Amino acid sequence: MFHRILIANRGEIALRVLRACRQLGVEAVVAYSEADRDTLAVQLADEAICIGPADARRSYLSAPAVISAALVTGCDAIHPGYGFLSEDDGFAEVVRAHDLVFIGPPSHVLERFASKEGTRRLLAAHGLPTIPGSDGMLRDDAHAIAEAERIGYPVLIKPSAGGGGKGMRMVRSQRELETAMKLCRSEARAAFGDDSLYLERWLEDNRHVEVQIAVDRYGSGVHLGERDCSVQRRHQKILEEAPTPALSDTARAELCEKAIRAAVAAGYENVGTLEFLVDREGNFYFIEINCRIQVEHPITEMRTGIDLVATQIRIAAGEPLGFTQSDVRQTGHAIELRINAEDAENDFRPGAGVVERYLAPGGPGIRMDSHLYSGYEVPPFYDSLLGKLIAWGPDRATAIARVRSALDELVVEGIVTNVPIHRALLVNDAFLDGRMTTNLLDRVGSAAFLAAAARGQ
Amino acid sequence: MPDPASMPSSELRPRGAAEAAAGDPAPERTAAERVADHRAVERLATELLPVLIGRLTAGGLAEIEVREGDWKVRLRRPLEAVGTGRRVTDRQFRLPVQAGQAHAPLSHPAPTRDGARQSAPRPADPGGTPPATSPAVGIFRPLPGIAGRRVHAGDRLGAVDVLGMPQEVVAPADGIVGPLIAEAGDGVEYGQPVMEMRPLPAPDEPSDGEAA
């Protein structure tokens, strides 16, 4: 096991990794930007080191700054969290060249899964169904048009790199395609420094279901069940639950088993997530793999009792998984609400400022992963995630009841949050009946959701 | 010119030939192949290597490998000694900062040469000169004999090595370099004060002989 880990991230995930380090008996050093000096992880760390200014390109995204910080503080491993450098195979390689361990898949594994389009083909070869899509990357507009004709509109334009909905557009005609290609290219270039795009057939009314896996260095792997992340706003997840209400127990088991078998066969290592779209008929299609710990990992931890971050660290340290599929027990139902500093009533504009009062909810089955405290100033430079409210119950109805009452207990004063949209969701019939699809919120409009909830109360 | 020891070393060989080279007897190559090899090596040396060295340096990377046709080039920079292993910190559990201080530079009370300790948050002393701070996270390398020297704003006082790449520490204002706050070889963080600065003596006072 490692002696000292550098946490090269911020916010709630820096705190989550710090807690895993504590439980493993490993010292934790937090690397932070000037704007994050008052964050909770910095205060709780065994040591904290300022690696640069607020601008992430010169701090959290700067490979030399992060590695230098690890060397200066005597760390033997780096945990990248999610986002920033977490899936950068070049970074992982440089970390290795400095005799440090990258906590995640080794660089050659990251490299193998770096291209979404290449990954799709690789995992299709190992038995995962994929959505019909373009043959390779789009060379130019003419190629895109020809491929879209072949696949059939509507199609989804997707960037090969990155995630979070950037550079992604659904188009219904050639004219829309031509306009959107330019936008997607420039968005993808700005966000990921790579503007290669590909096409996929657009599935109307699909659900987003993903499978959590963990594979050790010795090729033994397990799945830890699936998560349903269909509640999205403009391709951003806002509420996740497990198990998915969209599939039968048999179909869920089949999905998870296929996912872990393909991932092991394709040489994946460490914790990861295979994302699928599920259509109205319950057919599932592999879309991409996320080679990192995910924001919504706690709902899986609540259902399995397995600490995914600790597992990730242990695997990176070369330990065998230590359990098999039959040891993994999934019980009950878990829901996570992403609490963001966003103005739900004002087109989800991100907010920042001082949290005047913060009170986390509690009670049976409740977990709050947040870096907030009363008096903390949310800096305007980074993503708007303030924390995650997670509830577990023996069944879905109990989990919903618990998360609803926990949301009533949560106090975040001084800054605007997206709590109203969660309140609206938790009384919405489509959600309560388990009928949410990835485009529902955008189609109906968040304003209509909020208004409907207000009328109902 | 950088210290030759810190210059990147490179290794350069055709991929298939690597194994053969290890077991020596030179592989049989035709004259045409040898000419092609020469051309390839020349192109690598004159065109590719300078670019690679540039990237290695600019990116602060320790190692870079590029494949080009049958050839592979790997550049590796000797790792900088990791310094004294000592880092000046004052980290304690500090709950909410006072308003207005949230983004003020961290101050590190650190032993000075005469053993005195700096007062914690540096007061906005109107007459005081701000200390020189570290531009990056890395190993502190002050210029030898810099303390006591009279300098102008922007003058180089030393460097902080980031993976072997020096980042300049510069004088924040005209003045005389005071005692070093961090010692040579210390690990320092971004924005950390590393050298005290004292104001210049009034023009009518006799200078202390350090004047340039």
# chains A, B, ... in the order shown; residues from 1 in each chain; ligands from 1
call {"tool": "residues_around", "arguments": {"residues": "segment 33-41 of chain A", "least_positions_apart": "5", "cutoff": "6 Å", "atoms": "only C-alpha atoms", "output": "MDAnalysis selection string"}}
result
chainID A and resid 15 50:54 59 371
call {"tool": "write_last_selection", "arguments": {"atoms": "all heavy atoms", "output": "short mmCIF file (atom, residue, chain, number, x, y, z; two decimals), in the first residue's frame"}}
result
data_model
loop_
_atom_site.label_atom_id
_atom_site.label_comp_id
_atom_site.auth_asym_id
_atom_site.auth_seq_id
_atom_site.Cartn_x
_atom_site.Cartn_y
_atom_site.Cartn_z
N LEU A 15 -12.37 15.66 -0.83
CA LEU A 15 -12.74 15.24 0.52
C LEU A 15 -13.05 13.74 0.56
O LEU A 15 -12.63 13.04 1.48
CB LEU A 15 -13.97 16.05 0.94
CG LEU A 15 -14.39 15.98 2.39
CD1 LEU A 15 -13.27 16.44 3.30
CD2 LEU A 15 -15.64 16.86 2.59
N CYS A 50 -0.09 24.47 -2.23
CA CYS A 50 -0.67 25.32 -3.28
C CYS A 50 0.11 25.11 -4.57
O CYS A 50 1.33 25.26 -4.60
CB CYS A 50 -0.62 26.79 -2.86
SG CYS A 50 -1.40 27.88 -4.06
N ILE A 51 -0.60 24.72 -5.64
CA ILE A 51 0.11 24.37 -6.87
C ILE A 51 -0.04 25.41 -7.97
O ILE A 51 0.55 25.26 -9.04
CB ILE A 51 -0.34 22.99 -7.42
CG1 ILE A 51 -1.88 22.95 -7.59
CG2 ILE A 51 0.11 21.87 -6.49
CD1 ILE A 51 -2.34 21.74 -8.39
N GLY A 52 -0.84 26.44 -7.73
CA GLY A 52 -0.96 27.45 -8.78
C GLY A 52 -2.15 28.36 -8.55
O GLY A 52 -2.85 28.25 -7.55
N PRO A 53 -2.35 29.27 -9.49
CA PRO A 53 -3.46 30.23 -9.37
C PRO A 53 -4.81 29.56 -9.64
O PRO A 53 -4.88 28.38 -9.99
CB PRO A 53 -3.13 31.26 -10.44
CG PRO A 53 -2.31 30.54 -11.45
CD PRO A 53 -1.57 29.46 -10.72
N ALA A 54 -5.87 30.35 -9.50
CA ALA A 54 -7.24 29.83 -9.68
C ALA A 54 -7.44 29.17 -11.03
O ALA A 54 -8.11 28.15 -11.13
CB ALA A 54 -8.24 30.97 -9.50
N SER A 59 -3.11 25.12 -12.60
CA SER A 59 -3.09 24.41 -11.32
C SER A 59 -3.56 22.96 -11.52
O SER A 59 -2.74 22.09 -11.81
CB SER A 59 -3.92 25.15 -10.28
OG SER A 59 -5.19 25.54 -10.79
N HIS A 371 -18.34 19.42 0.49
CA HIS A 371 -17.21 20.14 1.07
C HIS A 371 -17.65 21.47 1.67
O HIS A 371 -16.82 22.30 2.00
CB HIS A 371 -16.14 20.37 0.00
CG HIS A 371 -16.65 21.12 -1.20
ND1 HIS A 371 -17.59 20.61 -2.04
CD2 HIS A 371 -16.34 22.33 -1.70
CE1 HIS A 371 -17.84 21.48 -3.01
NE2 HIS A 371 -17.10 22.54 -2.82
#
call {"tool": "closest_residue", "arguments": {"among": "B:Ala182, B:Val170, B:Val137, B:Ile176", "to": "chain A", "atoms": "only C-alpha atoms"}}
result
B:Val137
call {"tool": "residues_around", "arguments": {"residues": "segment 152-157 of chain A", "least_positions_apart": "4", "cutoff": "12 Å", "atoms": "only C-alpha atoms", "output": "NGL selection string"}}
result
:A and (117 or 131-134 or 137-138 or 141 or 144-148 or 165-185 or 187-188 or 195-204 or 235 or 287)
call {"tool": "residues_around", "arguments": {"residues": "Ala360 of chain A", "least_positions_apart": "4", "cutoff": "8 Å", "atoms": "only C-alpha atoms", "output": "list in words"}}
result
Met368, Glu409, Leu410 and Val411 of chain A
call {"tool": "atom_distance", "arguments": {"atom1": "atom CA of Pro203 of chain B", "atom2": "atom CA of Gly154 of chain B"}}
result
20.8 Å
call {"tool": "select_by_dssp", "arguments": {"residues": "segment 147-373 of chain A", "states": "strand (DSSP E)", "output": "PyMOL selection string"}}
result
chain A and resi 155-159+169-171+197-201+207-215+221-233+236-242+270-278+284-290+333-340+342-343+349-350+353-354+357-359+366-370
call {"tool": "atom_distance", "arguments": {"atom1": "atom CA of Arg19 of chain A", "atom2": "atom CA of Val72 of chain A"}}
result
22.3 Å
call {"tool": "closest_residue", "arguments": {"among": "B:Gly164, B:Pro144, B:Pro201, B:Gly178", "to": "chain A", "atoms": "only C-alpha atoms"}}
result
B:Gly164
call {"tool": "interface_residues", "arguments": {"of": "chain A", "to": "chain B", "cutoff": "10 Å", "atoms": "only C-alpha atoms", "output": "PyMOL selection string"}}
result
chain A and resi 31-40+42-54+58-59+62-74+90-91+93-98+354+373-377
call {"tool": "atom_distance", "arguments": {"atom1": "atom CA of Ala14 of chain A", "atom2": "atom CA of Pro380 of chain A"}}
result
17.7 Å
call {"tool": "select_by_dssp", "arguments": {"residues": "segment 119-254 of chain A", "states": "helix (DSSP H, G or I)", "output": "PyMOL selection string"}}
result
chain A and resi 119-125+141-151+174-192+249-254
